[in-house]
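> Provided herewith: query02.tsv, TSV, N, CA and C atoms.
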```tsv
chain	number	residue	atom	x	y	z
A	989	MET	N	34.16	59.39	251.16
A	989	MET	CA	34.66	58.27	251.94
A	989	MET	C	34.34	58.51	253.41
A	990	LEU	N	33.77	57.53	254.03
A	990	LEU	CA	33.34	57.66	255.43
A	990	LEU	C	34.51	57.87	256.40
A	991	ILE	N	35.67	57.33	256.07
A	991	ILE	CA	36.83	57.53	256.94
A	991	ILE	C	37.15	59.02	257.01
A	992	ARG	N	37.15	59.68	255.87
A	992	ARG	CA	37.45	61.13	255.83
A	992	ARG	C	36.45	61.93	256.66
A	993	ALA	N	35.23	61.44	256.74
A	993	ALA	CA	34.19	62.14	257.50
A	993	ALA	C	34.23	61.82	258.99
A	994	GLY	N	35.15	60.95	259.39
A	994	GLY	CA	35.25	60.59	260.81
A	994	GLY	C	34.22	59.56	261.24
A	995	GLU	N	33.57	58.93	260.30
A	995	GLU	CA	32.56	57.91	260.58
A	995	GLU	C	33.23	56.54	260.55
A	996	TYR	N	34.05	56.26	261.55
A	996	TYR	CA	34.92	55.09	261.51
A	996	TYR	C	34.18	53.77	261.62
A	997	PHE	N	33.17	53.68	262.45
A	997	PHE	CA	32.43	52.44	262.55
A	997	PHE	C	31.68	52.15	261.26
A	998	ALA	N	31.02	53.15	260.71
A	998	ALA	CA	30.28	52.99	259.45
A	998	ALA	C	31.24	52.66	258.31
A	999	ALA	N	32.42	53.29	258.31
A	999	ALA	CA	33.43	53.01	257.29
A	999	ALA	C	33.87	51.56	257.37
A	1000	HIS	N	34.07	51.09	258.59
A	1000	HIS	CA	34.46	49.69	258.78
A	1000	HIS	C	33.42	48.76	258.17
A	1001	GLU	N	32.16	49.02	258.46
A	1001	GLU	CA	31.08	48.17	257.95
A	1001	GLU	C	31.04	48.18	256.43
A	1002	GLU	N	31.11	49.36	255.84
A	1002	GLU	CA	31.04	49.48	254.38
A	1002	GLU	C	32.26	48.85	253.71
A	1003	LEU	N	33.44	49.11	254.25
A	1003	LEU	CA	34.65	48.56	253.66
A	1003	LEU	C	34.72	47.04	253.81
A	1004	GLU	N	34.24	46.54	254.92
A	1004	GLU	CA	34.25	45.10	255.12
A	1004	GLU	C	33.35	44.41	254.09
A	1005	GLU	N	32.23	45.01	253.80
A	1005	GLU	CA	31.33	44.46	252.78
A	1005	GLU	C	32.02	44.47	251.41
A	1006	ALA	N	32.69	45.58	251.08
A	1006	ALA	CA	33.41	45.67	249.81
A	1006	ALA	C	34.55	44.67	249.75
A	1007	TRP	N	35.25	44.51	250.86
A	1007	TRP	CA	36.38	43.58	250.94
A	1007	TRP	C	35.91	42.15	250.67
A	1008	ARG	N	34.83	41.77	251.26
A	1008	ARG	CA	34.32	40.39	251.08
A	1008	ARG	C	33.92	40.12	249.63
A	1009	ALA	N	33.44	41.13	248.92
A	1009	ALA	CA	32.98	40.96	247.55
A	1009	ALA	C	34.07	41.20	246.51
A	1010	ALA	N	35.22	41.69	246.93
A	1010	ALA	CA	36.28	42.09	246.00
A	1010	ALA	C	37.01	40.89	245.40
A	1011	PRO	N	37.57	41.09	244.23
A	1011	PRO	CA	38.44	40.05	243.68
A	1011	PRO	C	39.68	39.89	244.55
A	1012	ALA	N	40.30	38.74	244.49
A	1012	ALA	CA	41.42	38.39	245.38
A	1012	ALA	C	42.53	39.44	245.38
A	1013	GLU	N	42.84	40.02	244.22
A	1013	GLU	CA	43.95	40.97	244.13
A	1013	GLU	C	43.64	42.31	244.81
A	1014	GLU	N	42.40	42.55	245.16
A	1014	GLU	CA	42.02	43.81	245.83
A	1014	GLU	C	41.75	43.64	247.32
A	1015	ARG	N	41.67	42.43	247.78
A	1015	ARG	CA	41.25	42.20	249.16
A	1015	ARG	C	42.20	42.77	250.20
A	1016	ASP	N	43.50	42.61	250.02
A	1016	ASP	CA	44.44	43.15	251.00
A	1016	ASP	C	44.33	44.67	251.09
A	1017	PHE	N	44.16	45.32	249.95
A	1017	PHE	CA	44.02	46.78	249.95
A	1017	PHE	C	42.79	47.20	250.76
A	1018	LEU	N	41.66	46.60	250.45
A	1018	LEU	CA	40.44	46.96	251.16
A	1018	LEU	C	40.50	46.57	252.63
A	1019	GLN	N	41.10	45.44	252.92
A	1019	GLN	CA	41.24	45.04	254.32
A	1019	GLN	C	42.16	46.02	255.06
A	1020	GLY	N	43.18	46.53	254.38
A	1020	GLY	CA	44.03	47.55	254.98
A	1020	GLY	C	43.24	48.79	255.37
A	1021	LEU	N	42.32	49.19	254.51
A	1021	LEU	CA	41.47	50.35	254.84
A	1021	LEU	C	40.52	50.03	255.99
A	1022	VAL	N	40.05	48.79	256.05
A	1022	VAL	CA	39.24	48.36	257.20
A	1022	VAL	C	40.05	48.55	258.48
A	1023	HIS	N	41.30	48.13	258.45
A	1023	HIS	CA	42.15	48.26	259.64
A	1023	HIS	C	42.37	49.72	260.03
A	1024	VAL	N	42.48	50.60	259.04
A	1024	VAL	CA	42.60	52.04	259.33
A	1024	VAL	C	41.36	52.51	260.08
A	1025	ALA	N	40.19	52.20	259.55
A	1025	ALA	CA	38.95	52.63	260.20
A	1025	ALA	C	38.84	52.08	261.61
A	1026	VAL	N	39.19	50.82	261.80
A	1026	VAL	CA	39.09	50.21	263.12
A	1026	VAL	C	40.13	50.79	264.07
A	1027	ALA	N	41.31	51.11	263.58
A	1027	ALA	CA	42.33	51.73	264.44
A	1027	ALA	C	41.82	53.06	265.01
A	1028	TRP	N	41.22	53.88	264.15
A	1028	TRP	CA	40.69	55.17	264.62
A	1028	TRP	C	39.50	54.95	265.56
A	1029	TYR	N	38.69	53.99	265.26
A	1029	TYR	CA	37.56	53.68	266.14
A	1029	TYR	C	38.06	53.23	267.51
A	1030	GLN	N	39.03	52.34	267.53
A	1030	GLN	CA	39.58	51.85	268.79
A	1030	GLN	C	40.26	52.99	269.56
A	1031	GLY	N	41.01	53.82	268.86
A	1031	GLY	CA	41.66	54.95	269.52
A	1031	GLY	C	40.66	55.90	270.15
A	1032	GLY	N	39.57	56.15	269.44
A	1032	GLY	CA	38.52	57.02	269.96
A	1032	GLY	C	37.82	56.45	271.18
A	1033	ARG	N	37.88	55.16	271.35
A	1033	ARG	CA	37.26	54.50	272.50
A	1033	ARG	C	38.28	54.27	273.63
A	1034	GLY	N	39.51	54.77	273.43
A	1034	GLY	CA	40.53	54.65	274.46
A	1034	GLY	C	41.16	53.27	274.55
A	1035	ARG	N	41.08	52.51	273.50
A	1035	ARG	CA	41.60	51.14	273.49
A	1035	ARG	C	42.95	51.09	272.78
A	1036	ARG	N	44.00	51.37	273.55
A	1036	ARG	CA	45.35	51.47	272.99
A	1036	ARG	C	45.80	50.18	272.30
A	1037	ILE	N	45.67	49.04	272.95
A	1037	ILE	CA	46.16	47.79	272.38
A	1037	ILE	C	45.44	47.48	271.07
A	1038	GLY	N	44.13	47.63	271.06
A	1038	GLY	CA	43.37	47.41	269.83
A	1038	GLY	C	43.79	48.35	268.73
A	1039	MET	N	44.01	49.61	269.06
A	1039	MET	CA	44.45	50.59	268.09
A	1039	MET	C	45.81	50.21	267.52
A	1040	GLU	N	46.75	49.87	268.40
A	1040	GLU	CA	48.10	49.54	267.96
A	1040	GLU	C	48.10	48.31	267.04
A	1041	ARG	N	47.31	47.32	267.39
A	1041	ARG	CA	47.24	46.12	266.54
A	1041	ARG	C	46.67	46.44	265.17
A	1042	GLN	N	45.67	47.28	265.13
A	1042	GLN	CA	45.06	47.65	263.85
A	1042	GLN	C	46.01	48.50	263.00
A	1043	LEU	N	46.79	49.38	263.65
A	1043	LEU	CA	47.79	50.16	262.90
A	1043	LEU	C	48.79	49.22	262.24
A	1044	GLU	N	49.26	48.24	262.98
A	1044	GLU	CA	50.22	47.26	262.44
A	1044	GLU	C	49.62	46.53	261.23
A	1045	LYS	N	48.41	46.08	261.38
A	1045	LYS	CA	47.75	45.34	260.30
A	1045	LYS	C	47.54	46.24	259.07
A	1046	ALA	N	47.16	47.48	259.30
A	1046	ALA	CA	46.94	48.41	258.19
A	1046	ALA	C	48.24	48.64	257.42
A	1047	ILE	N	49.32	48.84	258.14
A	1047	ILE	CA	50.62	49.05	257.49
A	1047	ILE	C	50.98	47.83	256.66
A	1048	ARG	N	50.87	46.67	257.25
A	1048	ARG	CA	51.24	45.43	256.55
A	1048	ARG	C	50.40	45.23	255.27
A	1049	ARG	N	49.12	45.53	255.34
A	1049	ARG	CA	48.25	45.31	254.18
A	1049	ARG	C	48.40	46.39	253.10
A	1050	LEU	N	48.66	47.64	253.51
A	1050	LEU	CA	48.66	48.74	252.55
A	1050	LEU	C	50.02	49.00	251.91
A	1051	GLU	N	51.11	48.69	252.59
A	1051	GLU	CA	52.44	49.01	252.04
A	1051	GLU	C	52.66	48.44	250.63
A	1052	PRO	N	52.23	47.23	250.34
A	1052	PRO	CA	52.47	46.73	248.98
A	1052	PRO	C	51.78	47.53	247.87
A	1053	TYR	N	50.80	48.34	248.23
A	1053	TYR	CA	50.06	49.12	247.24
A	1053	TYR	C	50.60	50.53	247.07
A	1054	ALA	N	51.57	50.92	247.87
A	1054	ALA	CA	52.15	52.26	247.79
A	1054	ALA	C	52.93	52.40	246.48
A	1055	PRO	N	52.99	53.58	245.94
A	1055	PRO	CA	52.62	54.86	246.52
A	1055	PRO	C	51.15	55.24	246.36
A	1056	ALA	N	50.45	54.57	245.42
A	1056	ALA	CA	49.04	54.92	245.22
A	1056	ALA	C	48.31	53.71	244.66
A	1057	HIS	N	47.02	53.65	244.97
A	1057	HIS	CA	46.20	52.55	244.45
A	1057	HIS	C	44.75	53.01	244.44
A	1058	ARG	N	44.07	52.69	243.37
A	1058	ARG	CA	42.64	53.01	243.20
A	1058	ARG	C	42.33	54.49	243.48
A	1059	GLY	N	43.24	55.35	243.06
A	1059	GLY	CA	43.02	56.78	243.21
A	1059	GLY	C	43.39	57.35	244.56
A	1060	LEU	N	43.85	56.51	245.48
A	1060	LEU	CA	44.27	56.99	246.80
A	1060	LEU	C	45.79	57.07	246.86
A	1061	ILE	N	46.30	58.22	247.25
A	1061	ILE	CA	47.74	58.36	247.46
A	1061	ILE	C	48.02	57.84	248.86
A	1062	LEU	N	48.76	56.75	248.94
A	1062	LEU	CA	48.94	56.04	250.20
A	1062	LEU	C	50.15	56.48	251.01
A	1063	ASP	N	51.13	57.08	250.37
A	1063	ASP	CA	52.35	57.44	251.12
A	1063	ASP	C	52.08	58.33	252.33
A	1064	PRO	N	51.26	59.39	252.22
A	1064	PRO	CA	50.99	60.20	253.43
A	1064	PRO	C	50.29	59.40	254.53
A	1065	LEU	N	49.37	58.54	254.16
A	1065	LEU	CA	48.69	57.72	255.15
A	1065	LEU	C	49.66	56.75	255.81
A	1066	LEU	N	50.49	56.09	255.02
A	1066	LEU	CA	51.45	55.15	255.60
A	1066	LEU	C	52.44	55.85	256.53
A	1067	ALA	N	52.89	57.04	256.14
A	1067	ALA	CA	53.77	57.80	257.02
A	1067	ALA	C	53.06	58.11	258.34
A	1068	GLN	N	51.80	58.49	258.26
A	1068	GLN	CA	51.03	58.79	259.46
A	1068	GLN	C	50.86	57.53	260.32
A	1069	LEU	N	50.57	56.40	259.71
A	1069	LEU	CA	50.41	55.16	260.46
A	1069	LEU	C	51.70	54.80	261.20
A	1070	HIS	N	52.83	54.96	260.54
A	1070	HIS	CA	54.12	54.69	261.19
A	1070	HIS	C	54.36	55.66	262.36
A	1071	GLU	N	54.04	56.94	262.15
A	1071	GLU	CA	54.22	57.95	263.21
A	1071	GLU	C	53.35	57.63	264.41
A	1072	LEU	N	52.10	57.29	264.17
A	1072	LEU	CA	51.18	56.98	265.26
A	1072	LEU	C	51.60	55.73	266.01
A	1073	ARG	N	52.06	54.75	265.27
A	1073	ARG	CA	52.51	53.51	265.91
A	1073	ARG	C	53.69	53.80	266.83
A	1074	ALA	N	54.59	54.67	266.39
A	1074	ALA	CA	55.76	55.01	267.20
A	1074	ALA	C	55.40	55.86	268.41
A	1075	SER	N	54.40	56.73	268.26
A	1075	SER	CA	54.06	57.65	269.35
A	1075	SER	C	53.24	56.98	270.45
A	1076	GLY	N	52.40	56.02	270.08
A	1076	GLY	CA	51.54	55.37	271.07
A	1076	GLY	C	50.42	56.25	271.59
A	1077	SER	N	50.23	57.40	270.98
A	1077	SER	CA	49.19	58.34	271.44
A	1077	SER	C	47.82	57.89	270.99
A	1078	LEU	N	46.84	58.09	271.84
A	1078	LEU	CA	45.45	57.85	271.48
A	1078	LEU	C	44.80	59.07	270.84
A	1079	ASP	N	45.51	60.18	270.80
A	1079	ASP	CA	45.02	61.41	270.20
A	1079	ASP	C	45.30	61.35	268.69
A	1080	LEU	N	44.35	60.81	267.94
A	1080	LEU	CA	44.55	60.58	266.53
A	1080	LEU	C	43.96	61.72	265.69
A	1081	PRO	N	44.81	62.38	264.90
A	1081	PRO	CA	44.26	63.36	263.96
A	1081	PRO	C	43.55	62.61	262.83
A	1082	ARG	N	42.83	63.31	262.01
A	1082	ARG	CA	42.14	62.66	260.89
A	1082	ARG	C	43.15	61.89	260.03
A	1083	PRO	N	42.75	60.75	259.51
A	1083	PRO	CA	43.65	59.99	258.63
A	1083	PRO	C	43.99	60.80	257.38
A	1084	ARG	N	45.20	60.64	256.92
A	1084	ARG	CA	45.67	61.35	255.72
A	1084	ARG	C	45.27	60.60	254.45
A	1085	LEU	N	44.01	60.66	254.16
A	1085	LEU	CA	43.48	60.03	252.94
A	1085	LEU	C	42.98	61.06	251.97
```
Would you kindly transcribe this structure into structure tokens?

Amino acid sequence: MLIRAGEYFAAHEELEEAWRAAPAEERDFLQGLVHVAVAWYQGGRGRRIGMERQLEKAIRRLEPYAPAHRGLILDPLLAQLHELRASGSLDLPRPRL
């Protein structure tokens, strides 16, 4: 997975393509992962507002799929997203995927 490799822009592109082609019941999940990739990309570029908005969107899209979906354990990632949203820090550790 490109997100795990820190390739956030490339992950966004790949996930967006998958999201557009996915059946309706999978779109929110994939779009949530798009938001994760974009949040890290925005944070890396020093764009706090963009990062915060993407964190919010990721949480909203991914929470209904917790605790796990499509082989991904989401609870650690969701906990991290909540922590980062509360901290407001642009210093983002690797996503917990």
> For the helix (DSSP H, G or I) assignment from backbone DSSP, which residues of chain A qualify? Please present them as a compact mmCIF listing (two decimals) with N, CA and C atoms, in the frame of the given file.

```
# COMPACT_ATOMS: atom_id res chain seq x y z
N TYR A 996 34.05 56.26 261.55
CA TYR A 996 34.92 55.09 261.51
C TYR A 996 34.18 53.77 261.62
N PHE A 997 33.17 53.68 262.45
CA PHE A 997 32.43 52.44 262.55
C PHE A 997 31.68 52.15 261.26
N ALA A 998 31.02 53.15 260.71
CA ALA A 998 30.28 52.99 259.45
C ALA A 998 31.24 52.66 258.31
N ALA A 999 32.42 53.29 258.31
CA ALA A 999 33.43 53.01 257.29
C ALA A 999 33.87 51.56 257.37
N HIS A 1000 34.07 51.09 258.59
CA HIS A 1000 34.46 49.69 258.78
C HIS A 1000 33.42 48.76 258.17
N GLU A 1001 32.16 49.02 258.46
CA GLU A 1001 31.08 48.17 257.95
C GLU A 1001 31.04 48.18 256.43
N GLU A 1002 31.11 49.36 255.84
CA GLU A 1002 31.04 49.48 254.38
C GLU A 1002 32.26 48.85 253.71
N LEU A 1003 33.44 49.11 254.25
CA LEU A 1003 34.65 48.56 253.66
C LEU A 1003 34.72 47.04 253.81
N GLU A 1004 34.24 46.54 254.92
CA GLU A 1004 34.25 45.10 255.12
C GLU A 1004 33.35 44.41 254.09
N GLU A 1005 32.23 45.01 253.80
CA GLU A 1005 31.33 44.46 252.78
C GLU A 1005 32.02 44.47 251.41
N ALA A 1006 32.69 45.58 251.08
CA ALA A 1006 33.41 45.67 249.81
C ALA A 1006 34.55 44.67 249.75
N TRP A 1007 35.25 44.51 250.86
CA TRP A 1007 36.38 43.58 250.94
C TRP A 1007 35.91 42.15 250.67
N ARG A 1008 34.83 41.77 251.26
CA ARG A 1008 34.32 40.39 251.08
C ARG A 1008 33.92 40.12 249.63
N ALA A 1009 33.44 41.13 248.92
CA ALA A 1009 32.98 40.96 247.55
C ALA A 1009 34.07 41.20 246.51
N ALA A 1012 40.30 38.74 244.49
CA ALA A 1012 41.42 38.39 245.38
C ALA A 1012 42.53 39.44 245.38
N GLU A 1013 42.84 40.02 244.22
CA GLU A 1013 43.95 40.97 244.13
C GLU A 1013 43.64 42.31 244.81
N GLU A 1014 42.40 42.55 245.16
CA GLU A 1014 42.02 43.81 245.83
C GLU A 1014 41.75 43.64 247.32
N ARG A 1015 41.67 42.43 247.78
CA ARG A 1015 41.25 42.20 249.16
C ARG A 1015 42.20 42.77 250.20
N ASP A 1016 43.50 42.61 250.02
CA ASP A 1016 44.44 43.15 251.00
C ASP A 1016 44.33 44.67 251.09
N PHE A 1017 44.16 45.32 249.95
CA PHE A 1017 44.02 46.78 249.95
C PHE A 1017 42.79 47.20 250.76
N LEU A 1018 41.66 46.60 250.45
CA LEU A 1018 40.44 46.96 251.16
C LEU A 1018 40.50 46.57 252.63
N GLN A 1019 41.10 45.44 252.92
CA GLN A 1019 41.24 45.04 254.32
C GLN A 1019 42.16 46.02 255.06
N GLY A 1020 43.18 46.53 254.38
CA GLY A 1020 44.03 47.55 254.98
C GLY A 1020 43.24 48.79 255.37
N LEU A 1021 42.32 49.19 254.51
CA LEU A 1021 41.47 50.35 254.84
C LEU A 1021 40.52 50.03 255.99
N VAL A 1022 40.05 48.79 256.05
CA VAL A 1022 39.24 48.36 257.20
C VAL A 1022 40.05 48.55 258.48
N HIS A 1023 41.30 48.13 258.45
CA HIS A 1023 42.15 48.26 259.64
C HIS A 1023 42.37 49.72 260.03
N VAL A 1024 42.48 50.60 259.04
CA VAL A 1024 42.60 52.04 259.33
C VAL A 1024 41.36 52.51 260.08
N ALA A 1025 40.19 52.20 259.55
CA ALA A 1025 38.95 52.63 260.20
C ALA A 1025 38.84 52.08 261.61
N VAL A 1026 39.19 50.82 261.80
CA VAL A 1026 39.09 50.21 263.12
C VAL A 1026 40.13 50.79 264.07
N ALA A 1027 41.31 51.11 263.58
CA ALA A 1027 42.33 51.73 264.44
C ALA A 1027 41.82 53.06 265.01
N TRP A 1028 41.22 53.88 264.15
CA TRP A 1028 40.69 55.17 264.62
C TRP A 1028 39.50 54.95 265.56
N TYR A 1029 38.69 53.99 265.26
CA TYR A 1029 37.56 53.68 266.14
C TYR A 1029 38.06 53.23 267.51
N GLN A 1030 39.03 52.34 267.53
CA GLN A 1030 39.58 51.85 268.79
C GLN A 1030 40.26 52.99 269.56
N GLY A 1031 41.01 53.82 268.86
CA GLY A 1031 41.66 54.95 269.52
C GLY A 1031 40.66 55.90 270.15
N GLY A 1032 39.57 56.15 269.44
CA GLY A 1032 38.52 57.02 269.96
C GLY A 1032 37.82 56.45 271.18
N ARG A 1036 44.00 51.37 273.55
CA ARG A 1036 45.35 51.47 272.99
C ARG A 1036 45.80 50.18 272.30
N ILE A 1037 45.67 49.04 272.95
CA ILE A 1037 46.16 47.79 272.38
C ILE A 1037 45.44 47.48 271.07
N GLY A 1038 44.13 47.63 271.06
CA GLY A 1038 43.37 47.41 269.83
C GLY A 1038 43.79 48.35 268.73
N MET A 1039 44.01 49.61 269.06
CA MET A 1039 44.45 50.59 268.09
C MET A 1039 45.81 50.21 267.52
N GLU A 1040 46.75 49.87 268.40
CA GLU A 1040 48.10 49.54 267.96
C GLU A 1040 48.10 48.31 267.04
N ARG A 1041 47.31 47.32 267.39
CA ARG A 1041 47.24 46.12 266.54
C ARG A 1041 46.67 46.44 265.17
N GLN A 1042 45.67 47.28 265.13
CA GLN A 1042 45.06 47.65 263.85
C GLN A 1042 46.01 48.50 263.00
N LEU A 1043 46.79 49.38 263.65
CA LEU A 1043 47.79 50.16 262.90
C LEU A 1043 48.79 49.22 262.24
N GLU A 1044 49.26 48.24 262.98
CA GLU A 1044 50.22 47.26 262.44
C GLU A 1044 49.62 46.53 261.23
N LYS A 1045 48.41 46.08 261.38
CA LYS A 1045 47.75 45.34 260.30
C LYS A 1045 47.54 46.24 259.07
N ALA A 1046 47.16 47.48 259.30
CA ALA A 1046 46.94 48.41 258.19
C ALA A 1046 48.24 48.64 257.42
N ILE A 1047 49.32 48.84 258.14
CA ILE A 1047 50.62 49.05 257.49
C ILE A 1047 50.98 47.83 256.66
N ARG A 1048 50.87 46.67 257.25
CA ARG A 1048 51.24 45.43 256.55
C ARG A 1048 50.40 45.23 255.27
N ARG A 1049 49.12 45.53 255.34
CA ARG A 1049 48.25 45.31 254.18
C ARG A 1049 48.40 46.39 253.10
N LEU A 1050 48.66 47.64 253.51
CA LEU A 1050 48.66 48.74 252.55
C LEU A 1050 50.02 49.00 251.91
N GLU A 1051 51.11 48.69 252.59
CA GLU A 1051 52.44 49.01 252.04
C GLU A 1051 52.66 48.44 250.63
N PRO A 1052 52.23 47.23 250.34
CA PRO A 1052 52.47 46.73 248.98
C PRO A 1052 51.78 47.53 247.87
N TYR A 1053 50.80 48.34 248.23
CA TYR A 1053 50.06 49.12 247.24
C TYR A 1053 50.60 50.53 247.07
N ASP A 1063 51.13 57.08 250.37
CA ASP A 1063 52.35 57.44 251.12
C ASP A 1063 52.08 58.33 252.33
N PRO A 1064 51.26 59.39 252.22
CA PRO A 1064 50.99 60.20 253.43
C PRO A 1064 50.29 59.40 254.53
N LEU A 1065 49.37 58.54 254.16
CA LEU A 1065 48.69 57.72 255.15
C LEU A 1065 49.66 56.75 255.81
N LEU A 1066 50.49 56.09 255.02
CA LEU A 1066 51.45 55.15 255.60
C LEU A 1066 52.44 55.85 256.53
N ALA A 1067 52.89 57.04 256.14
CA ALA A 1067 53.77 57.80 257.02
C ALA A 1067 53.06 58.11 258.34
N GLN A 1068 51.80 58.49 258.26
CA GLN A 1068 51.03 58.79 259.46
C GLN A 1068 50.86 57.53 260.32
N LEU A 1069 50.57 56.40 259.71
CA LEU A 1069 50.41 55.16 260.46
C LEU A 1069 51.70 54.80 261.20
N HIS A 1070 52.83 54.96 260.54
CA HIS A 1070 54.12 54.69 261.19
C HIS A 1070 54.36 55.66 262.36
N GLU A 1071 54.04 56.94 262.15
CA GLU A 1071 54.22 57.95 263.21
C GLU A 1071 53.35 57.63 264.41
N LEU A 1072 52.10 57.29 264.17
CA LEU A 1072 51.18 56.98 265.26
C LEU A 1072 51.60 55.73 266.01
N ARG A 1073 52.06 54.75 265.27
CA ARG A 1073 52.51 53.51 265.91
C ARG A 1073 53.69 53.80 266.83
N ALA A 1074 54.59 54.67 266.39
CA ALA A 1074 55.76 55.01 267.20
C ALA A 1074 55.40 55.86 268.41
N SER A 1075 54.40 56.73 268.26
CA SER A 1075 54.06 57.65 269.35
C SER A 1075 53.24 56.98 270.45
```
> Go ahead and compute the interatomic distance for atom N of Gly1020 in chain A and CA of Ala993 in chain A, in Å to one decimal.
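Distance between the two atoms: 18.3 Å.
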> Can you work out which one of A:Ala1006, A:Ala1012, A:Pro1064, A:Gln1019 has the shortest atom-to-atom distance to Leu1050 in chain A, counting all atoms listed in the file?
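The closest residue to Leu1050 in chain A is A:Gln1019.
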> Among chain A, which ones does DSSP assign to strand (DSSP E) (computed from the backbone)? Answer as a compact mmCIF listing (two decimals) with N, CA and C atoms, keeping the file's coordinate frame.

```txt
# COMPACT_ATOMS: atom_id res chain seq x y z
N ALA A 1056 50.45 54.57 245.42
CA ALA A 1056 49.04 54.92 245.22
C ALA A 1056 48.31 53.71 244.66
N HIS A 1057 47.02 53.65 244.97
CA HIS A 1057 46.20 52.55 244.45
C HIS A 1057 44.75 53.01 244.44
N LEU A 1060 43.85 56.51 245.48
CA LEU A 1060 44.27 56.99 246.80
C LEU A 1060 45.79 57.07 246.86
N ILE A 1061 46.30 58.22 247.25
CA ILE A 1061 47.74 58.36 247.46
C ILE A 1061 48.02 57.84 248.86
```
> Distance cut-off 10 Å, centre (39.9, 49.3, 255.3) in file coordinates, counting only C-alpha atoms: which residues qualify? Return them as a ChimeraX atom specification.
/A:991,996,999-1004,1006-1007,1015-1027,1046,1049-1050
> Please report, as AutoDock Vina command-line options, the centre and edge lengths in Å to one decimal of an axis-aligned box covering all listed atoms of range 1001-1006 of chain A with 4 Å per side.

```
--center_x 32.9 --center_y 46.9 --center_z 254.1 --size_x 11.7 --size_y 13.1 --size_z 16.7
```
> CA of Glu1005 in chain A and atom N of Ala1054 in chain A, how far apart in Å?
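The value is 21.8 Å.
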> Restricting the calculation to only C-alpha atoms: of A:Arg1084, A:His1057, A:Arg992, A:Arg1033, which residue gets closest to Glu1071 in chain A?
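Closest residue, counting only C-alpha atoms: A:Arg1084.
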> CA of Ser1075 in chain A to CA of Glu1051 in chain A: how many Å, to one decimal?
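CA of Ser1075 in chain A sits 19.4 Å away from CA of Glu1051 in chain A.
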